[in-house]
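Asks: I have a structure here, written as structure tokens, and I will follow up with some questions on it.
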Amino acid sequence: MIDLTQLRADPKRFADAWQCRGLSVDVDALLALDSEVRRLKTESESKRAEANAASKAIGKAAKEGRDINEAREHARLLGEEAKQLDADRSDKENELTDQLLGFPNPCLESVPVGKDENDNRVVDTWGSAAEFDFAPQAHWDLAPELDIIDFERGSQLSGSGFVVYKGLGARLNRALINYFLQTLVEEFNYTELGVPLLVSPEAMQGTGQLPKFGDQLYKCTDDDLYLIPTAEVPVTNYLAGEILEAEQLPMQFTAYTPCFRREAGAAGVGTRGITRMHQFDKVEMVWLTQPERSEQDLLTMRSHAETLLQRLGLHYRILELCTGDTGFSSARTYDLEVWSPGTGTWLEVSSCSIFTDFQARRAKLRYRPEAGAKPNLVHTLNGSGLALPRSVIAVLETYQQADGSVRIPDVLQPFMGCEQISKHS
RNA sequence: GGAGAGAUGGCAGAGCGGCUGAAUGCGGUGGUUUUGAAAACCAUUGUACUGCAAGGUACCGGGGGUUCGAAUCCCUCUCUCUCCGCCA
């Protein structure tokens, strides 16, 4: 959620920022509603003060044995008026909040302005595309051939968008998870969390999935809980409502979780194989940090994701998303896309974003800049480190051999316990 | 899932429907004393919104109600603890 005080101070800045995201917002109407809320607030509060004073006087009078019947009636009326004014205030305020929750985070000034993914900017490329002296296969051919991913029985169990990893396929997935976690925890100082996969609507609102994107979530209606679409939700909300000390920052958390996404409306688009699943695994990085350093921290976090790819020897590029393609809560996003030789496409394996105080305001995540000082909102960052299915794709397709086997990259071998995946291994 | 008990400030723990934003203790901060420390003593010590200010309003798990007036009474939800059942 954006800061109302800032909106009052500089409405044009917000109108422009939303315009860059392709959103035309009547900021004046918003401000009018805001001042209406504040007018009702002062009015109801002074009425309430009057009523409180009247009640107090009655207490005193009763003690002195004076007649209080008339005063009582007067106080009752005051109380009713105050109640009514406060109800009006509450209605208007909810209306305002509902609207505010629907507006995205303004992008940082330096984010390239653009309409959609075609306007994203490639900021860097690492490595080069693997070369083959045979026609490389796509993972959807390679993996079933090796009997390590079972597409058919996955769909049979749960419908399209679900697969079964089998044998060394399951192990490869797990090896990648362990490699990611171990590197992040032991080298880059992340604290690993094991978090709930079902969360409350409040948590979903804290990170911005609700109220706007509920149709992308799996919901357990009997219990009013949602399946997480990413570990970002429980991890960012882990310390919601708390006030942290400056020395504790930055906090770096990582968590491995399955992720659940309905992908409503995305059916049929690039859905072959395991690039887009209703359920997939992901290791996530989340930072809580101070506003002064958050932009720098974003680059640091991105470099951690890059390191993971580099050690796997996977060719990738970095995209800076344009204003039109940046996610709802994010103020700047870098996507890491890994090269998939079998499909001849770039696959997004990590999305590293800075949310400024947008999520922190919703989740009430604050810190005290120094002892005794007033609490400030933290800045939150998150990035994938990394998404599993697409990492699996890149490893399989990049390291495939002419005979249909797959060589295991060196860094993964300790986690795999073998050097290759072949038909009869 | 069944039965019972509970939820109060950083923590512990009081709190007859009005004088309770809340006793008391611990902790924190400042000071006195001391060569220094400890101890002792004194003072101070929640958050948010609103106002130039004085001040005002809200908050005793959440929501609703009764009342002129609710931490205190009623309803409801959530969570915690104990016992029983079930269970990886």
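Simple scheme: letters A, B, ... for chains in structure tokens order, numbers from 1 for residues in each chain, numbers from 1 for ligands in the order shown.
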Please identify every residue of chain B that has at least one atom no farther than 10 Å from an atom of chain A, counting only C-alpha atoms (C1' of nucleotides), and for each give the shortest atom pair and the distance in Å to one decimal, arranged by chain then increasing number, as JSON lines.
Replies:
{"residue": "B:G18", "atom": "C1'", "partner": "A:Gly59", "partner_atom": "CA", "distance": 5.3}
{"residue": "B:C19", "atom": "C1'", "partner": "A:Lys60", "partner_atom": "CA", "distance": 9.0}
{"residue": "B:U29", "atom": "C1'", "partner": "A:Gly372", "partner_atom": "CA", "distance": 9.5}
{"residue": "B:C49", "atom": "C1'", "partner": "A:Lys41", "partner_atom": "CA", "distance": 9.5}
{"residue": "B:U50", "atom": "C1'", "partner": "A:Thr42", "partner_atom": "CA", "distance": 7.1}
{"residue": "B:G51", "atom": "C1'", "partner": "A:Thr42", "partner_atom": "CA", "distance": 9.6}
{"residue": "B:G56", "atom": "C1'", "partner": "A:Ala49", "partner_atom": "CA", "distance": 6.9}
{"residue": "B:U57", "atom": "C1'", "partner": "A:Glu45", "partner_atom": "CA", "distance": 5.4}
{"residue": "B:A58", "atom": "C1'", "partner": "A:Glu45", "partner_atom": "CA", "distance": 9.4}
{"residue": "B:U67", "atom": "C1'", "partner": "A:Arg76", "partner_atom": "CA", "distance": 9.4}
{"residue": "B:C68", "atom": "C1'", "partner": "A:Arg72", "partner_atom": "CA", "distance": 4.4}
{"residue": "B:G69", "atom": "C1'", "partner": "A:Ser55", "partner_atom": "CA", "distance": 5.4}
Asks: When you look at Leu217 in chain A with a cut-off of 8 Å (counting only C-alpha atoms (C1' of nucleotides)), what residues show up, excluding the ones that are within fewer than 3 positions of it in the same chain? I need them as a short mmCIF file (atom, residue, chain, number, x, y, z; two decimals) with N, CA and C atoms, in the first residue's frame.
Replies:
data_model
loop_
_atom_site.label_atom_id
_atom_site.label_comp_id
_atom_site.auth_asym_id
_atom_site.auth_seq_id
_atom_site.Cartn_x
_atom_site.Cartn_y
_atom_site.Cartn_z
N PHE A 213 -5.50 -10.36 -6.39
CA PHE A 213 -5.14 -11.50 -7.23
C PHE A 213 -5.61 -12.83 -6.66
N GLY A 214 -6.72 -12.77 -5.95
CA GLY A 214 -7.26 -13.96 -5.32
C GLY A 214 -7.57 -15.07 -6.30
N TYR A 226 -5.23 -20.13 2.49
CA TYR A 226 -4.79 -20.18 1.11
C TYR A 226 -3.49 -20.96 0.99
N LEU A 227 -3.35 -21.69 -0.10
CA LEU A 227 -2.07 -22.35 -0.39
C LEU A 227 -1.13 -21.28 -0.93
N ILE A 228 0.09 -21.26 -0.43
CA ILE A 228 1.01 -20.19 -0.82
C ILE A 228 1.45 -20.33 -2.28
N PRO A 229 1.50 -19.20 -3.01
CA PRO A 229 1.98 -19.22 -4.38
C PRO A 229 3.51 -19.08 -4.41
N PHE A 260 2.04 -23.04 -5.10
CA PHE A 260 0.80 -23.45 -5.75
C PHE A 260 0.18 -22.27 -6.49
N ARG A 261 -0.03 -22.44 -7.77
CA ARG A 261 -0.61 -21.35 -8.55
C ARG A 261 -1.68 -21.88 -9.49
N ARG A 262 -2.80 -21.20 -9.50
CA ARG A 262 -3.90 -21.66 -10.35
C ARG A 262 -3.62 -21.37 -11.82
#
Asks: What's around Phe328 in chain A at 12 Å? Count only C-alpha atoms (C1' of nucleotides), leave out sequence neighbours fewer than 3 positions away in its own chain, and write the answer as a PDB file with C-alpha atoms, in the first residue's frame.
Replies:
ATOM      1  CA  MET A   1       0.000   0.000   0.000  1.00  0.00           C
ATOM      2  CA  ILE A   2       1.193   3.482  -0.714  1.00  0.00           C
ATOM      3  CA  TRP A  18       0.727   4.905 -12.127  1.00  0.00           C
ATOM      4  CA  ARG A  21       2.271   1.337 -15.327  1.00  0.00           C
ATOM      5  CA  GLY A  22      -0.574   1.890 -17.736  1.00  0.00           C
ATOM      6  CA  LEU A  23      -3.005   2.923 -15.041  1.00  0.00           C
ATOM      7  CA  LEU A 101      -5.168  -1.642  -1.707  1.00  0.00           C
ATOM      8  CA  GLY A 102      -5.880  -1.828  -5.409  1.00  0.00           C
ATOM      9  CA  PHE A 103      -3.104   0.512  -6.513  1.00  0.00           C
ATOM     10  CA  PRO A 104       0.360  -0.818  -7.355  1.00  0.00           C
ATOM     11  CA  ASN A 105       3.650   0.339  -5.934  1.00  0.00           C
ATOM     12  CA  PRO A 106       5.122   3.204  -7.986  1.00  0.00           C
ATOM     13  CA  CYS A 107       8.322   2.105  -9.722  1.00  0.00           C
ATOM     14  CA  THR A 207       2.508  -9.228   0.583  1.00  0.00           C
ATOM     15  CA  GLY A 208      -0.045  -7.993  -1.937  1.00  0.00           C
ATOM     16  CA  GLN A 209      -1.628 -11.168  -3.367  1.00  0.00           C
ATOM     17  CA  LEU A 210      -4.949 -10.123  -1.867  1.00  0.00           C
ATOM     18  CA  PRO A 211      -7.340  -8.497  -2.449  1.00  0.00           C
ATOM     19  CA  LYS A 212      -6.477  -8.144  -6.112  1.00  0.00           C
ATOM     20  CA  PHE A 213      -5.140 -11.497  -7.228  1.00  0.00           C
ATOM     21  CA  THR A 323       7.347  -0.136 -15.651  1.00  0.00           C
ATOM     22  CA  GLY A 324       4.522  -1.871 -17.505  1.00  0.00           C
ATOM     23  CA  ASP A 325       5.802  -5.374 -16.781  1.00  0.00           C
ATOM     24  CA  ALA A 331       9.241  -1.005  -7.374  1.00  0.00           C
ATOM     25  CA  ARG A 332      11.982  -2.619  -9.453  1.00  0.00           C
ATOM     26  CA  THR A 333      12.455  -6.152 -10.702  1.00  0.00           C
ATOM     27  CA  SER A 353      12.441  -7.384  -6.566  1.00  0.00           C
ATOM     28  CA  ILE A 354      12.519  -4.469  -4.206  1.00  0.00           C
ATOM     29  CA  PHE A 355       9.181  -3.590  -2.660  1.00  0.00           C
ATOM     30  CA  PHE A 358       4.852  -1.173   0.100  1.00  0.00           C
ATOM     31  CA  GLN A 359       4.659  -4.598   1.720  1.00  0.00           C
TER      32      GLN A 359
END
Asks: For a quick check of understanding, using only C-alpha atoms, which of A:Met301, A:Ala360, A:Cys220, A:Leu386 has the smallest distance to Tyr238 in chain A?
Replies: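 When distances to Tyr238 in chain A are compared using only C-alpha atoms, the smallest one comes from A:Ala360.
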Asks: DSSP says helix (DSSP H, G or I) for which residues of range 112-196 of chain A? Put them as a PyMOL selection string?
Replies: chain A and resi 117-119+139-146+151-158+168-186
Asks: Tell me which protein, DNA and RNA residues are within 12 Å of A14 in chain B, counting only C-alpha atoms (C1' of nucleotides), leaving out same-chain ones fewer than 4 positions away, and put them as a list in words.
Replies: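 The residues satisfying every condition are U8, U20, A22, A23, U24, G25 and A71 of chain B.
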Asks: Those same residues - N, CA and C atoms (P, O5', C5', C4', C3', O3' and C1' of nucleotides) - I'd like them written as an mmCIF file, in the first residue's frame.
Replies:
data_model
loop_
_atom_site.group_PDB
_atom_site.id
_atom_site.type_symbol
_atom_site.label_atom_id
_atom_site.label_comp_id
_atom_site.auth_asym_id
_atom_site.auth_seq_id
_atom_site.Cartn_x
_atom_site.Cartn_y
_atom_site.Cartn_z
ATOM 1 P P U B 8 -2.262 -11.369 28.730
ATOM 2 O "O5'" U B 8 -3.006 -10.044 29.144
ATOM 3 C "C5'" U B 8 -3.327 -9.079 28.156
ATOM 4 C "C4'" U B 8 -3.574 -7.753 28.790
ATOM 5 C "C3'" U B 8 -2.340 -7.077 29.384
ATOM 6 O "O3'" U B 8 -1.618 -6.362 28.399
ATOM 7 C "C1'" U B 8 -4.106 -6.981 30.934
ATOM 8 P P U B 20 -7.768 6.521 39.242
ATOM 9 O "O5'" U B 20 -7.283 5.761 37.952
ATOM 10 C "C5'" U B 20 -7.059 6.430 36.714
ATOM 11 C "C4'" U B 20 -7.339 5.431 35.600
ATOM 12 C "C3'" U B 20 -8.821 5.269 35.298
ATOM 13 O "O3'" U B 20 -9.183 5.554 33.960
ATOM 14 C "C1'" U B 20 -7.789 3.161 35.759
ATOM 15 P P A B 22 -2.947 6.532 33.646
ATOM 16 O "O5'" A B 22 -3.453 5.057 34.003
ATOM 17 C "C5'" A B 22 -2.518 4.047 34.366
ATOM 18 C "C4'" A B 22 -3.273 2.921 35.008
ATOM 19 C "C3'" A B 22 -2.413 1.683 35.313
ATOM 20 O "O3'" A B 22 -1.893 1.776 36.624
ATOM 21 C "C1'" A B 22 -4.300 1.056 34.041
ATOM 22 P P A B 23 -0.337 1.763 36.861
ATOM 23 O "O5'" A B 23 -0.216 1.408 38.407
ATOM 24 C "C5'" A B 23 -0.910 2.205 39.369
ATOM 25 C "C4'" A B 23 -1.150 1.411 40.619
ATOM 26 C "C3'" A B 23 0.092 0.789 41.261
ATOM 27 O "O3'" A B 23 0.834 1.736 42.003
ATOM 28 C "C1'" A B 23 -1.655 -0.783 41.225
ATOM 29 P P U B 24 2.409 1.782 41.842
ATOM 30 O "O5'" U B 24 2.855 0.326 42.297
ATOM 31 C "C5'" U B 24 2.668 -0.103 43.637
ATOM 32 C "C4'" U B 24 3.041 -1.562 43.768
ATOM 33 C "C3'" U B 24 4.389 -1.938 43.168
ATOM 34 O "O3'" U B 24 5.467 -1.634 44.039
ATOM 35 C "C1'" U B 24 2.771 -3.485 42.432
ATOM 36 P P G B 25 6.867 -1.222 43.423
ATOM 37 O "O5'" G B 25 7.465 -2.623 42.965
ATOM 38 C "C5'" G B 25 7.666 -3.663 43.921
ATOM 39 C "C4'" G B 25 8.008 -4.951 43.215
ATOM 40 C "C3'" G B 25 9.145 -4.847 42.203
ATOM 41 O "O3'" G B 25 10.418 -4.901 42.820
ATOM 42 C "C1'" G B 25 7.336 -6.016 41.231
ATOM 43 P P A B 71 -12.801 0.196 29.204
ATOM 44 O "O5'" A B 71 -11.798 -0.998 29.468
ATOM 45 C "C5'" A B 71 -11.680 -2.054 28.525
ATOM 46 C "C4'" A B 71 -11.239 -3.321 29.182
ATOM 47 C "C3'" A B 71 -12.316 -3.984 30.045
ATOM 48 O "O3'" A B 71 -13.093 -4.860 29.275
ATOM 49 C "C1'" A B 71 -10.289 -3.790 31.268
#
